[in-house]
>>> print(open('data_20.tsv').read())   # TSV, C-alpha atoms
chain	number	residue	atom	x	y	z
A	1	MET	CA	23.74	-84.11	155.76
A	2	ASN	CA	24.45	-83.32	159.40
A	3	ALA	CA	22.03	-81.00	161.20
A	4	LYS	CA	24.77	-79.68	163.49
A	5	ILE	CA	28.48	-79.22	162.94
A	6	THR	CA	30.69	-81.45	165.10
A	7	PHE	CA	34.39	-81.85	165.79
A	8	LYS	CA	34.35	-84.94	163.59
A	9	ASN	CA	33.21	-83.18	160.43
A	10	LEU	CA	35.24	-80.08	161.34
A	11	SER	CA	38.39	-82.22	161.44
A	12	VAL	CA	37.55	-83.51	157.96
A	13	LEU	CA	37.34	-79.91	156.77
A	14	TRP	CA	40.76	-79.25	158.28
A	15	VAL	CA	42.27	-82.15	156.33
A	16	PHE	CA	40.70	-80.74	153.17
A	17	GLY	CA	42.03	-77.26	154.00
A	18	ILE	CA	45.58	-78.58	154.53
A	19	ALA	CA	45.52	-80.47	151.23
A	20	PHE	CA	44.13	-77.48	149.35
A	21	GLY	CA	46.71	-75.22	151.02
A	22	PHE	CA	49.45	-77.40	149.55
A	23	VAL	CA	47.83	-77.16	146.11
A	24	GLU	CA	47.74	-73.36	146.43
A	25	ALA	CA	51.40	-73.23	147.47
A	26	ALA	CA	52.37	-75.54	144.59
A	27	VAL	CA	50.66	-73.19	142.12
A	28	VAL	CA	52.85	-70.34	143.39
A	29	VAL	CA	55.98	-72.49	143.01
A	30	TYR	CA	55.04	-73.37	139.42
A	31	LEU	CA	54.20	-69.77	138.51
A	32	ARG	CA	57.53	-68.51	139.85
A	33	GLN	CA	59.45	-71.13	137.88
A	34	ILE	CA	57.49	-70.54	134.68
A	35	HIS	CA	58.09	-66.79	134.82
A	36	GLY	CA	61.66	-67.04	136.06
A	37	ALA	CA	60.88	-65.18	139.26
A	38	GLU	CA	62.67	-67.46	141.75
A	39	SER	CA	65.30	-64.85	142.62
A	40	GLN	CA	63.23	-61.74	141.89
A	41	PRO	CA	61.80	-59.49	144.63
A	42	MET	CA	58.04	-59.14	144.78
A	43	PHE	CA	58.13	-55.34	144.75
A	44	PRO	CA	57.85	-53.28	142.65
A	45	LEU	CA	55.09	-55.33	141.05
A	46	GLY	CA	55.53	-53.66	137.68
A	47	ALA	CA	59.12	-54.95	137.54
A	48	LEU	CA	58.23	-58.67	137.66
A	49	PRO	CA	59.58	-60.57	134.64
A	50	SER	CA	56.08	-61.80	133.81
A	51	GLY	CA	55.39	-58.49	132.07
A	52	PRO	CA	52.66	-55.99	132.87
A	53	VAL	CA	50.78	-57.00	136.01
A	54	SER	CA	47.46	-56.12	134.38
A	55	ALA	CA	47.92	-58.99	131.89
A	56	MET	CA	47.67	-61.54	134.73
A	57	LEU	CA	45.13	-59.84	136.97
A	58	GLU	CA	42.02	-61.25	135.31
A	59	VAL	CA	43.26	-64.85	135.36
A	60	GLU	CA	44.53	-64.61	138.93
A	61	SER	CA	41.33	-62.93	140.11
A	62	ALA	CA	39.25	-65.70	138.54
A	63	ARG	CA	41.46	-68.34	140.16
A	64	GLU	CA	41.09	-66.71	143.57
A	65	LEU	CA	37.32	-66.56	143.16
A	66	ALA	CA	37.29	-70.24	142.18
A	67	SER	CA	39.35	-71.07	145.29
A	68	LEU	CA	36.77	-69.36	147.52
A	69	VAL	CA	33.97	-71.32	145.84
A	70	ILE	CA	35.88	-74.56	146.44
A	71	LEU	CA	36.14	-73.68	150.14
A	72	LEU	CA	32.46	-72.72	150.34
A	73	ILE	CA	31.12	-76.00	148.96
A	74	PRO	CA	32.20	-78.37	151.79
A	75	ALA	CA	31.30	-75.70	154.36
A	76	TYR	CA	27.78	-75.56	152.92
A	77	PHE	CA	27.20	-79.31	153.09
A	78	VAL	CA	28.60	-79.82	156.59
A	79	SER	CA	25.40	-78.62	158.28
A	80	THR	CA	21.85	-77.43	157.70
A	81	ARG	CA	22.32	-74.41	159.98
A	82	LEU	CA	23.45	-71.12	158.45
A	83	PHE	CA	25.60	-70.16	161.44
A	84	ASP	CA	27.29	-73.57	161.42
A	85	ARG	CA	28.06	-73.12	157.73
A	86	PHE	CA	29.63	-69.76	158.56
A	87	LEU	CA	31.76	-71.39	161.26
A	88	ALA	CA	32.78	-74.18	158.89
A	89	PHE	CA	33.79	-71.73	156.17
A	90	ILE	CA	35.98	-69.51	158.33
A	91	SER	CA	37.56	-72.60	159.90
A	92	ILE	CA	38.44	-74.23	156.60
A	93	PHE	CA	39.60	-70.86	155.24
A	94	GLY	CA	41.91	-70.40	158.22
A	95	VAL	CA	43.44	-73.88	157.91
A	96	TRP	CA	43.86	-73.43	154.15
A	97	ASP	CA	45.66	-70.10	154.59
A	98	LEU	CA	47.92	-71.36	157.38
A	99	ALA	CA	48.79	-74.47	155.36
A	100	TYR	CA	49.53	-72.27	152.33
A	101	TYR	CA	52.16	-70.24	154.20
A	102	PHE	CA	53.57	-73.33	155.91
A	103	PHE	CA	54.10	-75.15	152.61
A	104	LEU	CA	55.47	-72.02	150.90
A	105	TYR	CA	58.07	-71.79	153.63
A	106	GLN	CA	58.94	-75.48	153.26
A	107	LEU	CA	59.16	-75.28	149.46
A	108	LEU	CA	60.68	-71.85	148.92
A	109	GLY	CA	61.97	-70.68	152.30
A	110	TRP	CA	59.46	-67.81	152.02
A	111	PRO	CA	58.32	-65.76	153.90
A	112	GLN	CA	61.60	-65.12	155.68
A	113	THR	CA	59.90	-63.20	158.53
A	114	LEU	CA	56.38	-62.31	159.67
A	115	ASP	CA	57.08	-58.73	158.56
A	116	THR	CA	57.47	-59.82	154.93
A	117	LEU	CA	54.89	-58.11	152.70
A	118	ASP	CA	52.64	-60.35	150.64
A	119	VAL	CA	49.98	-59.85	147.97
A	120	LEU	CA	46.99	-61.49	149.67
A	121	PHE	CA	44.16	-61.09	147.14
A	122	LEU	CA	43.33	-59.26	143.94
A	123	ILE	CA	39.54	-58.95	144.43
A	124	PRO	CA	38.26	-56.24	143.99
A	125	ASN	CA	41.67	-54.53	144.23
A	126	ILE	CA	45.12	-55.70	145.25
A	127	TRP	CA	45.53	-56.53	148.97
A	128	VAL	CA	49.00	-56.04	150.46
A	129	ALA	CA	49.98	-56.67	154.09
A	130	PRO	CA	52.72	-58.20	156.25
A	131	VAL	CA	52.36	-61.99	156.46
A	132	PHE	CA	51.72	-61.61	160.21
A	133	CYS	CA	48.26	-60.16	159.47
A	134	PRO	CA	46.70	-63.03	157.49
A	135	ILE	CA	48.32	-65.56	159.82
A	136	LEU	CA	46.79	-63.85	162.89
A	137	ILE	CA	43.37	-63.70	161.24
A	138	SER	CA	43.57	-67.32	160.06
A	139	LEU	CA	44.57	-68.52	163.53
A	140	SER	CA	41.52	-66.71	164.91
A	141	PHE	CA	39.33	-68.28	162.21
A	142	VAL	CA	40.46	-71.73	163.34
A	143	MET	CA	40.33	-71.11	167.10
A	144	PHE	CA	36.89	-69.47	167.33
A	145	PRO	CA	34.84	-72.31	165.75
A	146	ALA	CA	36.81	-74.88	167.79
A	147	ALA	CA	36.14	-72.96	171.03
A	148	TYR	CA	32.47	-72.54	170.12
A	149	LEU	CA	32.02	-76.26	169.43
A	150	TRP	CA	33.76	-77.20	172.67
A	151	ILE	CA	31.52	-74.84	174.68
A	152	THR	CA	28.30	-76.02	172.99
A	153	ILE	CA	28.94	-79.73	173.62
A	154	LYS	CA	26.91	-79.34	176.80
A	155	ARG	CA	25.26	-75.96	176.21
A	156	ILE	CA	22.59	-74.62	173.92
A	157	PRO	CA	24.21	-73.17	170.76
A	158	ARG	CA	23.31	-69.64	169.73
A	159	PRO	CA	24.11	-67.39	166.75
A	160	PHE	CA	25.64	-63.92	166.86
A	161	LEU	CA	23.46	-61.09	168.09
A	162	PRO	CA	22.83	-58.16	165.68
A	163	TRP	CA	25.27	-55.85	167.51
A	164	GLN	CA	27.94	-58.55	167.36
A	165	TRP	CA	27.43	-58.93	163.62
A	166	GLY	CA	27.70	-55.15	163.38
A	167	LEU	CA	31.03	-55.09	165.23
A	168	LEU	CA	32.28	-57.97	163.08
A	169	ALA	CA	31.29	-56.13	159.89
A	170	MET	CA	32.93	-52.87	160.99
A	171	GLY	CA	36.08	-54.72	161.96
A	172	GLY	CA	36.15	-56.49	158.62
A	173	VAL	CA	35.78	-53.21	156.73
A	174	LEU	CA	38.67	-51.61	158.64
A	175	VAL	CA	40.92	-54.62	158.04
A	176	PHE	CA	39.96	-54.58	154.36
A	177	ILE	CA	40.83	-50.87	154.11
A	178	SER	CA	44.20	-51.45	155.79
A	179	PHE	CA	44.98	-54.15	153.19
A	180	THR	CA	43.81	-52.24	150.10
A	181	LEU	CA	44.66	-48.65	151.03
A	182	ASP	CA	47.83	-48.61	148.91
A	183	GLY	CA	46.64	-50.96	146.17
A	184	ASP	CA	46.94	-48.54	143.28
A	185	TYR	CA	50.31	-47.36	144.60
A	186	TYR	CA	51.73	-50.89	144.41
A	187	LEU	CA	50.16	-51.61	141.03
A	188	ASN	CA	51.90	-48.53	139.67
A	189	GLY	CA	55.29	-49.89	140.73
A	190	GLY	CA	55.52	-48.44	144.23
A	191	GLN	CA	58.07	-49.73	146.71
A	192	PRO	CA	56.95	-51.08	150.13
A	193	ARG	CA	56.09	-48.39	152.65
A	194	ARG	CA	54.66	-48.21	156.13
A	195	PHE	CA	51.63	-50.46	156.70
A	196	SER	CA	48.44	-49.07	158.33
A	197	TRP	CA	48.80	-50.98	161.59
A	198	GLY	CA	46.36	-48.71	163.41
A	199	LEU	CA	43.52	-49.54	161.01
A	200	PHE	CA	44.37	-53.23	161.08
A	201	TYR	CA	44.53	-53.59	164.85
A	202	THR	CA	41.36	-51.53	165.35
A	203	GLY	CA	39.47	-53.74	162.93
A	204	TYR	CA	40.89	-56.93	164.39
A	205	LEU	CA	40.02	-55.89	167.95
A	206	LEU	CA	36.43	-55.08	166.95
A	207	GLY	CA	36.10	-58.57	165.52
A	208	ALA	CA	37.75	-60.08	168.59
A	209	VAL	CA	35.31	-58.26	170.89
A	210	ALA	CA	32.35	-59.57	168.87
A	211	ALA	CA	33.67	-63.15	168.92
A	212	GLY	CA	34.77	-63.03	172.55
A	213	SER	CA	31.46	-61.61	173.81
A	214	HIS	CA	29.62	-64.30	171.87
A	215	LEU	CA	31.65	-67.07	173.50
A	216	ILE	CA	31.09	-65.56	176.95
A	217	GLN	CA	27.34	-65.33	176.42
A	218	THR	CA	27.27	-68.91	175.14
A	219	ILE	CA	29.10	-70.11	178.26
A	220	ARG	CA	26.42	-68.44	180.37
A	221	LYS	CA	23.65	-70.30	178.56
A	222	PRO	CA	22.02	-73.15	180.50
A	223	LYS	CA	23.33	-76.64	179.91
A	224	ALA	CA	21.35	-78.70	177.44
A	225	LYS	CA	19.88	-81.97	178.70
A	226	PHE	CA	19.55	-83.38	175.21
A	227	PHE	CA	21.80	-82.50	172.26
>>> encode(input="data_20.tsv", output="structure tokens")
Amino acid sequence: MNAKITFKNLSVLWVFGIAFGFVEAAVVVYLRQIHGAESQPMFPLGALPSGPVSAMLEVESARELASLVILLIPAYFVSTRLFDRFLAFISIFGVWDLAYYFFLYQLLGWPQTLDTLDVLFLIPNIWVAPVFCPILISLSFVMFPAAYLWITIKRIPRPFLPWQWGLLAMGGVLVFISFTLDGDYYLNGGQPRRFSWGLFYTGYLLGAVAAGSHLIQTIRKPKAKFF
């Protein structure tokens, strides 16, 4: 097991994420065919031909949880350092999510635009947001670990400071709220309505400030003679 994450093992994680993203997209294709939903709109959720949404929530929630565990396992074994494992997880998550949307578009021609609403997760409540939002977050998840590794090739690596973790947590909470704010509304058959862009962008910017300040402070660290 590697003591420090490198571009070599990160690239292996990306290959895994791409392959798993295809598997995730294929599951959606099969589910739509099985339930005859190829030509059906996603909203209102209660109108899907699969019957009451609540009948599928438990199975789908368990499958989503299993997918997260599958992503966590290679991230855990890629390094002995907790922060490196965190970087590996968000990186593989980002690649997986981007590959998922890429393959969905190739297989189904969906989403048609970045404004298309999507059901992102079901844990602990339904998450609904324009496709642009998860794609932006996933791109950031891929770019930050890559930038960090490039900077620390010749500099001493360092973890987040407590205030940076705090900003990241606050940003994550705001993004989560923006995704789940109308969960019950959609589960009760509601039609798409205006998304909480203010909450989303505020949360995303807080996370970006935390990540950006960390990269800047890492750049200012002295160069390592041995690494």
>>> atom_distance(input="data_20.tsv", atom1="atom CA of Phe179 of chain A", atom2="atom CA of Asp115 of chain A")
14.0 Å
>>> closest_residue(input="data_20.tsv", among="A:Ala88, A:Ala19, A:Ile135, A:Leu120", to="Leu149 of chain A", atoms="all atoms listed in the file")
A:Ala88
>>> residues_around(input="data_20.tsv", residues="Ala129 of chain A", least_positions_apart="3", cutoff="10 Å", atoms="all atoms listed in the file", output="MDAnalysis selection string")
chainID A and resid 115:120 132:134 178:180 182 192 194:197 200
>>> closest_residue(input="data_20.tsv", among="A:Leu114, A:Val69, A:Val209, A:Val142", to="Pro130 of chain A", atoms="only C-alpha atoms")
A:Leu114
>>> residues_around(input="data_20.tsv", residues="Leu174 of chain A", least_positions_apart="3", cutoff="12 Å", atoms="all atoms listed in the file", output="compact mmCIF listing (two decimals) with C-alpha atoms, in the frame of the given file")
# COMPACT_ATOMS: atom_id res chain seq x y z
CA LEU A 167 31.03 -55.09 165.23
CA LEU A 168 32.28 -57.97 163.08
CA ALA A 169 31.29 -56.13 159.89
CA MET A 170 32.93 -52.87 160.99
CA GLY A 171 36.08 -54.72 161.96
CA ILE A 177 40.83 -50.87 154.11
CA SER A 178 44.20 -51.45 155.79
CA PHE A 179 44.98 -54.15 153.19
CA THR A 180 43.81 -52.24 150.10
CA LEU A 181 44.66 -48.65 151.03
CA SER A 196 48.44 -49.07 158.33
CA TRP A 197 48.80 -50.98 161.59
CA GLY A 198 46.36 -48.71 163.41
CA LEU A 199 43.52 -49.54 161.01
CA PHE A 200 44.37 -53.23 161.08
CA TYR A 201 44.53 -53.59 164.85
CA THR A 202 41.36 -51.53 165.35
CA GLY A 203 39.47 -53.74 162.93
CA TYR A 204 40.89 -56.93 164.39
CA LEU A 205 40.02 -55.89 167.95
CA LEU A 206 36.43 -55.08 166.95
CA GLY A 207 36.10 -58.57 165.52
>>> closest_residue(input="data_20.tsv", among="A:Ile123, A:Leu10, A:Leu161, A:Ala26", to="Pro74 of chain A", atoms="all atoms listed in the file")
A:Leu10
>>> atom_distance(input="data_20.tsv", atom1="atom CA of Ile18 of chain A", atom2="atom CA of Ser91 of chain A")
11.4 Å
>>> atom_distance(input="data_20.tsv", atom1="atom CA of Leu87 of chain A", atom2="atom CA of Ile219 of chain A")
17.3 Å
>>> axis_aligned_box(input="data_20.tsv", around="segment 4-22 of chain A", padding_each_side="3 Å", output="lines of an AutoDock Vina configuration file")
center_x = 37.1
center_y = -80.1
center_z = 157.6
size_x = 30.7
size_y = 15.7
size_z = 22.4
>>> closest_residue(input="data_20.tsv", among="A:Pro159, A:Gly17, A:Pro124, A:Gly172", to="Tyr100 of chain A", atoms="all atoms listed in the file")
A:Gly17
>>> closest_residue(input="data_20.tsv", among="A:Val128, A:Arg81, A:Thr113, A:Leu108", to="Arg193 of chain A", atoms="only C-alpha atoms")
A:Val128
>>> residues_around(input="data_20.tsv", residues="Ala147 of chain A", least_positions_apart="6", cutoff="12 Å", atoms="all atoms listed in the file", output="count of residues only")
15
>>> closest_residue(input="data_20.tsv", among="A:Ala208, A:Leu98, A:Ala62, A:Leu57", to="Leu187 of chain A", atoms="only C-alpha atoms")
A:Leu57
